[in-house]
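Containing compact mmCIF, C-alpha atoms and all ligand atoms: entry12.txt.
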# COMPACT_ATOMS: atom_id res chain seq x y z
CA MET A 1 89.61 69.54 120.41
CA MET A 2 91.41 69.86 117.14
CA LYS A 3 95.14 70.26 117.88
CA THR A 4 95.21 73.69 116.19
CA HIS A 5 92.86 75.59 113.88
CA LYS A 6 95.73 76.49 111.54
CA ILE A 7 95.05 75.62 107.91
CA ALA A 8 97.62 74.63 105.28
CA VAL A 9 96.54 75.11 101.66
CA ILE A 10 98.64 72.86 99.42
CA GLY A 11 98.61 74.04 95.80
CA ALA A 12 98.06 77.64 96.91
CA THR A 13 99.51 78.99 93.65
CA GLY A 14 96.98 77.14 91.45
CA ASN A 15 93.51 78.09 90.23
CA ILE A 16 91.69 76.41 93.09
CA GLY A 17 94.28 77.22 95.75
CA ARG A 18 94.02 80.95 95.02
CA GLU A 19 90.23 80.74 95.18
CA VAL A 20 90.43 78.87 98.51
CA LEU A 21 92.62 81.66 99.93
CA GLY A 22 90.14 84.22 98.60
CA VAL A 23 87.19 82.51 100.31
CA LEU A 24 89.08 82.05 103.62
CA ALA A 25 90.03 85.76 103.62
CA GLU A 26 86.42 86.77 102.81
CA ASN A 27 85.31 84.62 105.75
CA SER A 28 87.67 86.60 108.03
CA VAL A 29 90.02 83.71 108.77
CA PRO A 30 93.08 85.56 110.14
CA GLN A 31 96.12 85.64 107.88
CA ASP A 32 98.34 84.05 110.57
CA GLN A 33 96.04 81.02 110.67
CA VAL A 34 96.65 80.18 107.01
CA ILE A 35 99.80 78.76 105.39
CA ALA A 36 100.30 78.73 101.62
CA ILE A 37 102.21 75.72 100.30
CA ALA A 38 103.27 74.67 96.80
CA SER A 39 106.16 73.00 94.98
CA ALA A 40 109.81 74.01 95.34
CA LYS A 41 109.59 76.21 92.24
CA SER A 42 107.10 78.59 93.88
CA VAL A 43 108.86 79.02 97.24
CA GLY A 44 109.00 82.65 98.34
CA ASP A 45 106.34 83.77 95.84
CA GLU A 46 103.74 86.09 97.31
CA ILE A 47 100.08 85.15 96.97
CA SER A 48 97.22 87.56 97.70
CA TYR A 49 95.25 86.94 100.85
CA GLY A 50 92.19 89.12 100.54
CA GLU A 51 92.39 92.67 99.21
CA GLU A 52 95.48 93.86 101.04
CA LYS A 53 97.44 90.99 102.57
CA VAL A 54 99.83 88.46 101.10
CA LEU A 55 101.16 85.05 102.10
CA LYS A 56 104.66 83.79 101.25
CA VAL A 57 104.61 80.36 99.64
CA GLN A 58 106.35 77.57 101.56
CA ASN A 59 107.93 74.41 100.18
CA ILE A 60 105.89 71.25 100.70
CA ASP A 61 109.04 69.19 101.13
CA HIS A 62 110.26 71.27 104.09
CA PHE A 63 106.94 71.76 105.82
CA ASP A 64 106.22 70.21 109.23
CA PHE A 65 102.53 69.26 109.06
CA THR A 66 102.28 68.83 112.85
CA ARG A 67 102.12 72.67 112.91
CA VAL A 68 98.62 72.68 111.39
CA GLY A 69 95.26 71.11 112.21
CA ILE A 70 93.71 71.10 108.76
CA VAL A 71 95.17 70.54 105.30
CA ILE A 72 93.36 71.40 102.07
CA PHE A 73 94.79 69.71 98.98
CA CYS A 74 94.38 71.75 95.77
CA THR A 75 96.89 69.80 93.70
CA PRO A 76 96.88 67.12 91.03
CA GLN A 77 96.16 63.54 92.17
CA ALA A 78 99.79 62.43 92.00
CA VAL A 79 100.77 65.11 94.54
CA ILE A 80 97.95 64.10 96.90
CA GLU A 81 99.00 60.47 96.67
CA LYS A 82 102.64 61.32 97.33
CA TYR A 83 102.07 63.40 100.48
CA LEU A 84 98.86 61.96 101.92
CA SER A 85 100.40 59.46 104.35
CA GLN A 86 102.80 62.12 105.71
CA VAL A 87 99.90 64.52 106.33
CA ARG A 88 97.77 61.76 107.87
CA SER A 89 100.59 60.74 110.21
CA ALA A 90 100.89 64.35 111.37
CA GLY A 91 97.29 63.97 112.60
CA CYS A 92 95.73 66.64 110.38
CA LEU A 93 92.14 66.67 109.19
CA ILE A 94 92.25 66.60 105.39
CA VAL A 95 89.97 68.07 102.74
CA CYS A 96 90.70 67.02 99.18
CA PRO A 97 89.21 66.22 95.77
CA SER A 98 88.26 62.64 95.00
CA ILE A 99 91.08 60.12 95.38
CA ALA A 100 91.50 56.45 94.51
CA GLU A 101 89.84 53.82 96.76
CA GLN A 102 93.12 52.53 98.19
CA PHE A 103 93.91 55.88 99.85
CA VAL A 104 90.73 56.13 101.95
CA ASP A 105 88.84 53.61 104.06
CA LYS A 106 85.51 55.12 103.11
CA LYS A 107 84.71 57.82 100.55
CA GLU A 108 82.82 60.60 102.30
CA TYR A 109 81.78 63.32 99.85
CA VAL A 110 80.34 66.47 101.40
CA VAL A 111 78.39 69.40 99.96
CA PRO A 112 77.71 71.42 103.13
CA GLU A 113 74.26 72.70 102.10
CA VAL A 114 73.13 69.16 101.27
CA ASN A 115 74.80 66.69 103.65
CA GLY A 116 76.95 68.91 105.89
CA ALA A 117 75.29 67.38 108.97
CA LEU A 118 77.43 64.31 108.30
CA LEU A 119 80.42 66.21 109.67
CA GLN A 120 78.83 66.35 113.14
CA GLN A 121 79.25 62.60 113.62
CA SER A 122 81.95 61.68 111.12
CA THR A 123 85.25 60.40 112.51
CA ALA A 124 86.85 60.31 109.06
CA GLN A 125 90.22 62.01 108.82
CA ILE A 126 89.76 62.67 105.10
CA ILE A 127 86.68 64.45 103.75
CA LEU A 128 86.27 64.60 99.99
CA THR A 129 84.91 67.50 98.00
CA PRO A 130 82.97 66.12 94.99
CA ASP A 131 83.76 67.12 91.42
CA PRO A 132 82.18 70.46 90.43
CA GLY A 133 79.47 68.76 88.33
CA ALA A 134 78.35 66.62 91.29
CA ILE A 135 78.26 69.67 93.59
CA ILE A 136 76.13 71.64 91.12
CA LEU A 137 73.75 68.73 90.46
CA SER A 138 73.30 67.73 94.10
CA LEU A 139 72.35 71.32 94.97
CA VAL A 140 69.67 71.61 92.27
CA LEU A 141 68.30 68.05 92.51
CA GLN A 142 67.98 68.10 96.30
CA PRO A 143 64.60 69.96 96.47
CA PHE A 144 62.99 67.57 93.96
CA LEU A 145 64.08 64.54 96.00
CA LYS A 146 62.82 66.16 99.20
CA THR A 147 59.32 66.64 97.87
CA GLY A 148 58.93 63.41 95.91
CA VAL A 149 60.50 60.91 93.60
CA ILE A 150 62.74 61.54 90.61
CA GLU A 151 61.87 58.71 88.21
CA GLN A 152 64.69 59.67 85.88
CA ALA A 153 67.17 62.51 85.47
CA VAL A 154 68.97 63.18 82.19
CA VAL A 155 71.81 65.70 82.17
CA THR A 156 74.28 67.10 79.65
CA LEU A 157 77.17 68.63 81.57
CA LEU A 158 79.30 71.19 79.70
CA GLN A 159 82.66 71.49 81.44
CA ALA A 160 85.15 74.38 81.36
CA VAL A 161 88.81 73.66 80.64
CA SER A 162 89.86 75.04 84.07
CA GLY A 163 88.50 71.75 85.46
CA HIS A 164 91.86 70.30 84.33
CA GLY A 165 94.17 72.98 85.75
CA ARG A 166 96.32 75.76 84.34
CA GLU A 167 98.00 73.77 81.57
CA ALA A 168 94.61 72.85 80.08
CA MET A 169 93.61 76.52 80.12
CA ASP A 170 96.86 77.32 78.30
CA GLU A 171 96.00 74.68 75.68
CA LEU A 172 92.67 76.35 74.88
CA PHE A 173 94.36 79.76 74.74
CA ASN A 174 97.25 78.59 72.54
CA GLN A 175 95.00 76.65 70.15
CA THR A 176 92.65 79.62 69.77
CA ARG A 177 95.53 81.98 69.03
CA GLY A 178 97.21 79.39 66.78
CA ILE A 179 94.09 78.90 64.64
CA TYR A 180 93.93 82.65 63.95
CA MET A 181 97.62 82.49 62.96
CA ASN A 182 97.15 79.41 60.72
CA SER A 183 99.44 77.19 62.86
CA VAL A 184 98.99 73.42 63.22
CA VAL A 185 96.72 72.58 66.17
CA GLN A 186 98.59 70.76 68.95
CA HIS A 187 96.68 68.88 71.62
CA GLN A 188 98.00 67.31 74.81
CA HIS A 189 95.33 67.49 77.54
CA PHE A 190 92.36 67.01 75.28
CA THR A 191 91.73 64.14 72.88
CA LYS A 192 90.80 66.48 70.03
CA GLN A 193 91.02 70.18 69.20
CA ILE A 194 89.19 72.08 71.97
CA ALA A 195 89.28 75.60 70.50
CA PHE A 196 86.01 76.33 68.62
CA ASN A 197 84.88 72.76 69.36
CA LEU A 198 82.99 70.46 71.79
CA ILE A 199 84.39 67.08 72.89
CA PRO A 200 81.96 64.46 74.31
CA HIS A 201 84.77 62.54 75.99
CA ILE A 202 86.36 63.25 79.40
CA GLY A 203 88.37 60.47 81.07
CA SER A 204 88.44 56.82 79.91
CA PHE A 205 85.64 54.70 78.39
CA ASP A 206 84.17 51.69 80.21
CA LYS A 207 82.62 48.59 78.62
CA ASP A 208 79.14 50.19 78.62
CA GLY A 209 80.35 53.26 76.74
CA ARG A 210 80.25 55.63 79.69
CA THR A 211 83.35 57.71 80.50
CA SER A 212 85.07 57.68 83.91
CA GLU A 213 84.07 61.36 84.35
CA GLU A 214 80.39 60.45 83.78
CA THR A 215 80.52 57.48 86.17
CA ASN A 216 82.27 59.53 88.89
CA THR A 217 79.82 62.42 88.59
CA ILE A 218 76.84 60.02 88.78
CA GLN A 219 78.24 58.13 91.79
CA GLN A 220 79.25 61.26 93.70
CA THR A 221 75.89 63.01 93.08
CA LYS A 222 73.93 59.98 94.29
CA GLN A 223 76.16 59.56 97.33
CA VAL A 224 75.76 63.19 98.42
CA LEU A 225 71.99 63.00 97.87
CA LYS A 226 71.76 59.53 99.50
CA SER A 227 69.46 58.36 96.73
CA ASP A 228 69.86 55.77 93.99
CA PHE A 229 67.54 57.30 91.37
CA PRO A 230 68.16 56.69 87.63
CA LEU A 231 70.63 59.38 86.53
CA GLU A 232 72.29 59.60 83.13
CA ILE A 233 74.94 62.24 82.44
CA THR A 234 76.84 63.08 79.26
CA CYS A 235 79.99 65.06 80.08
CA VAL A 236 81.16 67.38 77.32
CA GLN A 237 84.37 69.40 77.27
CA ALA A 238 83.53 72.95 76.22
CA PRO A 239 85.89 75.72 74.96
CA VAL A 240 85.12 77.85 78.02
CA PHE A 241 87.75 78.92 80.58
CA ILE A 242 85.60 79.16 83.72
CA GLY A 243 82.05 77.98 84.46
CA TYR A 244 80.32 74.60 84.14
CA ALA A 245 76.78 74.47 82.75
CA ALA A 246 74.20 71.72 82.43
CA THR A 247 70.87 71.05 80.80
CA VAL A 248 68.76 69.01 83.25
CA THR A 249 65.54 67.13 82.47
CA LEU A 250 63.70 65.41 85.32
CA ASN A 251 60.85 62.91 84.99
CA LEU A 252 59.01 63.14 88.29
CA ALA A 253 56.50 60.82 89.98
CA GLN A 254 54.09 63.72 90.50
CA HIS A 255 53.08 66.80 88.53
CA ILE A 256 55.12 69.91 89.40
CA ASN A 257 54.74 72.95 87.17
CA SER A 258 57.54 75.40 86.43
CA ALA A 259 56.20 78.00 88.91
CA GLN A 260 56.29 75.39 91.70
CA ALA A 261 59.74 74.22 90.63
CA ARG A 262 60.96 77.82 90.64
CA LYS A 263 59.70 78.31 94.19
CA MET A 264 61.35 75.09 95.36
CA LEU A 265 64.67 76.09 93.84
CA GLU A 266 64.44 79.68 95.13
CA GLN A 267 64.11 78.29 98.66
CA THR A 268 67.19 76.07 98.27
CA LEU A 269 70.35 77.24 100.00
CA GLY A 270 73.14 77.98 97.52
CA VAL A 271 70.79 78.21 94.51
CA SER A 272 69.78 81.44 92.76
CA VAL A 273 67.01 81.44 90.15
CA ILE A 274 67.41 84.03 87.38
CA ASP A 275 64.83 83.19 84.77
CA HIS A 276 63.24 85.98 82.78
CA ARG A 277 61.80 84.98 79.43
CA ARG A 278 63.52 87.69 77.43
CA ASP A 279 66.94 88.57 76.00
CA GLU A 280 69.63 88.34 78.70
CA GLY A 281 67.10 86.91 81.19
CA TYR A 282 69.30 83.90 81.95
CA VAL A 283 72.84 83.27 83.26
CA THR A 284 75.78 81.97 81.20
CA PRO A 285 79.10 80.52 82.44
CA VAL A 286 81.06 83.76 81.87
CA GLU A 287 78.78 85.60 84.32
CA THR A 288 79.34 83.02 87.07
CA ALA A 289 83.09 83.75 87.47
CA GLY A 290 83.76 84.67 91.09
CA GLU A 291 80.17 83.97 92.17
CA GLN A 292 79.21 81.62 94.98
CA ALA A 293 75.74 80.59 93.81
CA VAL A 294 74.56 77.94 91.41
CA PHE A 295 72.31 79.74 88.89
CA VAL A 296 69.15 78.20 87.46
CA SER A 297 67.50 79.61 84.32
CA ARG A 298 65.21 78.47 81.47
CA LEU A 299 62.75 76.60 83.74
CA ARG A 300 59.87 74.89 81.91
CA HIS A 301 57.57 71.90 82.31
CA ARG A 302 55.59 69.41 80.28
CA GLU A 303 53.25 67.13 82.25
CA LYS A 304 55.44 65.43 84.89
CA GLN A 305 58.67 66.63 83.31
CA ILE A 306 60.73 69.62 84.44
CA SER A 307 63.66 70.99 82.41
CA PHE A 308 66.13 73.73 83.22
CA TRP A 309 69.59 75.17 82.63
CA VAL A 310 72.08 75.48 85.48
CA THR A 311 75.51 77.10 85.61
CA ALA A 312 78.18 77.90 88.23
CA ASP A 313 81.84 78.84 88.66
CA ASN A 314 83.61 75.47 88.85
CA LEU A 315 86.68 76.87 90.62
CA ARG A 316 84.82 78.81 93.29
CA ARG A 317 81.40 77.18 93.84
CA GLY A 318 82.52 73.84 92.41
CA ALA A 319 85.69 73.52 94.49
CA ALA A 320 87.09 76.33 96.69
CA LEU A 321 83.90 77.45 98.42
CA ASN A 322 82.89 73.86 99.08
CA MET A 323 86.27 73.08 100.65
CA ALA A 324 86.26 76.26 102.77
CA GLN A 325 82.72 75.47 103.97
CA ILE A 326 83.78 71.94 104.94
CA VAL A 327 86.68 73.39 106.94
CA ALA A 328 84.35 75.84 108.73
CA LEU A 329 82.01 72.98 109.66
CA MET A 330 84.91 70.87 110.91
CA GLN A 331 86.08 73.75 113.09
CA LYS A 332 82.55 74.36 114.37
CA ALA A 333 82.13 70.69 115.23
CA SER A 334 85.42 70.96 117.20
CA ARG A 335 86.40 67.56 115.95
CA VAL A 336 88.42 65.44 118.39
CA LEU A 337 91.48 64.35 116.51
CA GLU A 338 93.58 61.59 118.00
CA SER A 339 96.51 61.58 115.71
CA ARG A 340 97.19 58.32 113.85
CA SER A 341 94.15 56.58 115.30
CA VAL A 342 91.60 58.33 113.12
CA HIS A 343 90.79 56.89 109.65
N1 LIG B 401 89.51 73.05 88.45
C1 LIG B 401 88.43 72.43 88.87
O1 LIG B 401 87.27 72.71 88.48
C2 LIG B 401 88.61 71.33 89.87
C3 LIG B 401 87.59 71.02 90.74
C4 LIG B 401 87.79 70.03 91.70
C5 LIG B 401 89.01 69.41 91.75
N2 LIG B 401 90.00 69.73 90.89
C6 LIG B 401 91.32 69.11 91.05
O2 LIG B 401 92.12 69.98 91.86
C7 LIG B 401 93.47 69.95 91.43
C8 LIG B 401 94.06 71.33 91.31
O3 LIG B 401 93.38 72.03 90.29
P1 LIG B 401 93.83 73.47 89.81
O4 LIG B 401 92.88 73.83 88.74
O5 LIG B 401 94.00 74.41 90.94
O6 LIG B 401 95.29 73.14 89.19
P2 LIG B 401 96.49 74.14 88.84
O7 LIG B 401 95.99 75.51 88.61
O8 LIG B 401 97.24 73.47 87.75
O9 LIG B 401 97.39 74.19 90.18
C9 LIG B 401 98.11 73.08 90.64
C10 LIG B 401 98.71 73.40 92.00
O10 LIG B 401 99.38 72.23 92.48
C11 LIG B 401 100.69 72.61 92.88
N3 LIG B 401 101.64 71.51 92.69
C12 LIG B 401 101.93 70.87 91.54
N4 LIG B 401 102.91 69.94 91.78
C13 LIG B 401 103.23 70.04 93.08
C14 LIG B 401 104.15 69.35 93.93
N5 LIG B 401 104.93 68.37 93.47
N6 LIG B 401 104.21 69.71 95.23
C15 LIG B 401 103.42 70.71 95.72
N7 LIG B 401 102.53 71.39 94.99
C16 LIG B 401 102.43 71.04 93.68
C17 LIG B 401 101.06 73.76 92.00
O11 LIG B 401 102.11 74.47 92.61
P3 LIG B 401 103.29 75.16 91.72
O12 LIG B 401 102.71 76.45 91.24
O13 LIG B 401 104.39 75.34 92.70
O14 LIG B 401 103.59 74.20 90.62
C18 LIG B 401 99.74 74.52 91.97
O15 LIG B 401 99.63 75.30 93.15
C19 LIG B 401 93.48 69.18 90.10
O16 LIG B 401 94.09 67.94 90.32
C20 LIG B 401 92.04 68.97 89.73
O17 LIG B 401 91.82 67.66 89.23
C21 LIG B 401 89.83 70.70 89.97
What's the structure tokens form of this structure?
Amino acid sequence: MMKTHKIAVIGATGNIGREVLGVLAENSVPQDQVIAIASAKSVGDEISYGEEKVLKVQNIDHFDFTRVGIVIFCTPQAVIEKYLSQVRSAGCLIVCPSIAEQFVDKKEYVVPEVNGALLQQSTAQIILTPDPGAIILSLVLQPFLKTGVIEQAVVTLLQAVSGHGREAMDELFNQTRGIYMNSVVQHQHFTKQIAFNLIPHIGSFDKDGRTSEETNTIQQTKQVLKSDFPLEITCVQAPVFIGYAATVTLNLAQHINSAQARKMLEQTLGVSVIDHRRDEGYVTPVETAGEQAVFVSRLRHREKQISFWVTADNLRRGAALNMAQIVALMQKASRVLESRSVH
């Protein structure tokens, strides 16, 4: 048995941390089973837990991790790297965003609706939640891989600034306001002006011209789907606060028309098809905020090619919900945790 079902959420004051608390409360996880943790500057702050309850934020540096069974990291990489060995030594199961190779023996990315069964057998102490783009793509590509072969998938992924945390959201806000006030545009998080613009560059470039964000999204999507099909993604930073969106074009081995594709996607857990060929008959990123589904619109076909538009809330569906679902599966599997001996 897990030593305790108590859950510590590190980074509880951030965008994702708050969403994680929201999902846990919606799933009726009792308030006394959840501990909100952040940096020293947030200690004592009160964070909403559901509609009526609050949690007092505790200091990560004074927290005894042997008190909890599960830790969810919702913090920048540097914070995960700093505290990971302490949390591991306390024998906690850990859910966190992707981390560098040297911190995990094996990278196990989980999207519960796609490969959640992995958690039944896994002995890994750290389970990774993929980046939002990989979660969205693995959910919508899954039915096409189940029924046949994807010969090639080409994706343009439009990413909201909240994918980089609060300071990046502030940068979009301040630039937008500044441009209206004729001030000089300052950029720190983004390589160029993001307000009123699109930037086809997230992360660092490799020798083939791909960015690290593109390579990570491709690798994570293929790992979750357990399939090495040709997948090309262009990641573009968009001046949107919340909600990732993608255009997806699939070349398939067999002929599937848009009505068949619609049916396949409608039957896929976590996917909602809203596709009416008229004004407002499709979903845009703004409408996804706070929603749990991945929304597919603009379905069409040409011979063996299917194209569509997909959008979802990156903070909720693309991070918090996924992490909360992983935790629920871990608890259901009643994972045996022998502290320090589990990798
Ligand atoms: N946003 C997305 O779509 C997305 C999706 C998947 C993964 N991620 C990753 O998840 C991480 C968090 O994203 P976010 O959008 O929630 O960021 P955020 O809004 O900037 O929040 C960061 C959180 O980390 C905490 N923190 C910072 N330094 C800390 C320290 N030294 N000790 C303890 N806590 C510390 C902050 O606490 P204080 O308030 O006390 O500073 C805050 O709660 C990012 O690294 C991001 O790469 C993001």
CA of Val54 in chain A to CA of Glu291 in chain A, distance in Å rounded to a single decimal: 22.1 Å
Radius query 10 Å about (81.9, 74.2, 91.3), atoms used: only C-alpha atoms, as a VMD selection string: chain A and resid 129 to 137 163 242 to 245 291 to 294 311 to 322
Residues within 9 Å of ligand LIG 401 (chain B), counting all atoms listed in the file, as a ChimeraX atom specification: /A:10-19,37-43,57,59-61,73-80,82-83,96-98,129-133,159-169,242-244,313-316,318-320
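Atom pair CA of Arg300 in chain A / CA of Ile150 in chain A has a distance of 16.2 Å (rounded to one decimal).
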Please tabulate, as JSON lines, the residues of range 284-307 of chain A that come within 10 Å of range 261-267 of chain A, each with its closest pair of atoms and the distance in Å to one decimal, counting all atoms listed in the file and ordering rows by chain, then residue number upward.
{"residue": "A:Phe295", "atom": "CA", "partner": "A:Leu265", "partner_atom": "CA", "distance": 9.8}
{"residue": "A:Val296", "atom": "CA", "partner": "A:Leu265", "partner_atom": "CA", "distance": 8.1}
{"residue": "A:Ser297", "atom": "CA", "partner": "A:Arg262", "partner_atom": "CA", "distance": 9.3}
{"residue": "A:Leu299", "atom": "CA", "partner": "A:Arg262", "partner_atom": "CA", "distance": 7.2}
{"residue": "A:Arg300", "atom": "CA", "partner": "A:Ala261", "partner_atom": "CA", "distance": 8.7}
{"residue": "A:His301", "atom": "CA", "partner": "A:Ala261", "partner_atom": "CA", "distance": 8.9}
{"residue": "A:Ile306", "atom": "CA", "partner": "A:Ala261", "partner_atom": "CA", "distance": 7.8}
{"residue": "A:Ser307", "atom": "CA", "partner": "A:Ala261", "partner_atom": "CA", "distance": 9.7}
Please, could you write that set of residues out with C-alpha atoms as an mmCIF file, keeping the file's coordinate frame?
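The resulting selection-v3.cif:
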data_model
loop_
_atom_site.group_PDB
_atom_site.id
_atom_site.type_symbol
_atom_site.label_atom_id
_atom_site.label_comp_id
_atom_site.auth_asym_id
_atom_site.auth_seq_id
_atom_site.Cartn_x
_atom_site.Cartn_y
_atom_site.Cartn_z
ATOM 1 C CA PHE A 295 72.310 79.740 88.890
ATOM 2 C CA VAL A 296 69.150 78.200 87.460
ATOM 3 C CA SER A 297 67.500 79.610 84.320
ATOM 4 C CA LEU A 299 62.750 76.600 83.740
ATOM 5 C CA ARG A 300 59.870 74.890 81.910
ATOM 6 C CA HIS A 301 57.570 71.900 82.310
ATOM 7 C CA ILE A 306 60.730 69.620 84.440
ATOM 8 C CA SER A 307 63.660 70.990 82.410
#
Polymer residues at most 9 Å from (94.4, 88.8, 104.1) by all atoms listed in the file, as a list in words: Leu21, Gly22, Leu24, Ala25, Glu26, Ser28, Val29, Pro30, Gln31, Asp32, Ser48, Tyr49, Gly50, Glu51, Glu52, Lys53, Val54 and Leu55 of chain A
Counting all atoms listed in the file, the residue of A:Leu252, A:Ile127, A:Gly270, A:Leu198 that sits nearest Ile99 in chain A: A:Ile127
Selected residue, from A:Gln325, A:Asp170, A:Ser334, A:Thr147, that lies nearest to Val20 in chain A when counting all atoms listed in the file: A:Gln325
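Here CA of Ile72 in chain A stands at a distance of 15.9 Å from CA of Leu119 in chain A.
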Nearest candidate to Gln331 in chain A (options A:His5, A:Phe144, A:Ala259, A:Leu269; using all atoms listed in the file): A:His5
Contacts of Arg67 in chain A at 12 Å (only C-alpha atoms; same-chain gap of 4+ positions) as an MDAnalysis selection string: chainID A and resid 2:8 33:35 63 71 87 90:92
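Nearest residue to Gln120 in chain A, choosing from A:Gly148, A:Asn251, A:Gln305, A:Ala328 and counting all atoms listed in the file: A:Ala328.
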Just so I have it separately, write range 9-21 of chain A from the block I sent, keeping N, CA and C atoms, as an mmCIF file, in the first residue's frame.
data_model
loop_
_atom_site.group_PDB
_atom_site.id
_atom_site.type_symbol
_atom_site.label_atom_id
_atom_site.label_comp_id
_atom_site.auth_asym_id
_atom_site.auth_seq_id
_atom_site.Cartn_x
_atom_site.Cartn_y
_atom_site.Cartn_z
ATOM 1 N N VAL A 9 0.937 19.519 -3.344
ATOM 2 C CA VAL A 9 1.017 20.204 -4.640
ATOM 3 C C VAL A 9 2.061 21.304 -4.501
ATOM 4 N N ILE A 10 3.210 21.108 -5.151
ATOM 5 C CA ILE A 10 4.278 22.116 -5.070
ATOM 6 C C ILE A 10 4.107 23.084 -6.243
ATOM 7 N N GLY A 11 4.057 24.375 -5.910
ATOM 8 C CA GLY A 11 3.761 25.383 -6.946
ATOM 9 C C GLY A 11 2.271 25.668 -6.960
ATOM 10 N N ALA A 12 1.651 25.509 -5.775
ATOM 11 C CA ALA A 12 0.183 25.631 -5.674
ATOM 12 C C ALA A 12 -0.323 27.038 -5.992
ATOM 13 N N THR A 13 0.574 28.041 -5.918
ATOM 14 C CA THR A 13 0.136 29.413 -6.190
ATOM 15 C C THR A 13 0.197 29.763 -7.682
ATOM 16 N N GLY A 14 0.764 28.880 -8.494
ATOM 17 C CA GLY A 14 0.946 29.173 -9.927
ATOM 18 C C GLY A 14 -0.279 28.816 -10.756
ATOM 19 N N ASN A 15 -0.169 29.069 -12.057
ATOM 20 C CA ASN A 15 -1.278 28.786 -12.985
ATOM 21 C C ASN A 15 -1.687 27.323 -12.928
ATOM 22 N N ILE A 16 -0.717 26.442 -13.031
ATOM 23 C CA ILE A 16 -1.047 25.019 -13.078
ATOM 24 C C ILE A 16 -1.426 24.511 -11.689
ATOM 25 N N GLY A 17 -0.684 24.956 -10.678
ATOM 26 C CA GLY A 17 -0.978 24.521 -9.310
ATOM 27 C C GLY A 17 -2.419 24.822 -8.911
ATOM 28 N N ARG A 18 -2.876 26.010 -9.235
ATOM 29 C CA ARG A 18 -4.269 26.397 -8.905
ATOM 30 C C ARG A 18 -5.261 25.511 -9.650
ATOM 31 N N GLU A 19 -4.939 25.212 -10.899
ATOM 32 C CA GLU A 19 -5.828 24.328 -11.682
ATOM 33 C C GLU A 19 -5.839 22.925 -11.088
ATOM 34 N N VAL A 20 -4.667 22.461 -10.641
ATOM 35 C CA VAL A 20 -4.589 21.111 -10.040
ATOM 36 C C VAL A 20 -5.490 21.070 -8.798
ATOM 37 N N LEU A 21 -5.404 22.105 -7.962
ATOM 38 C CA LEU A 21 -6.260 22.147 -6.762
ATOM 39 C C LEU A 21 -7.729 22.147 -7.165
#
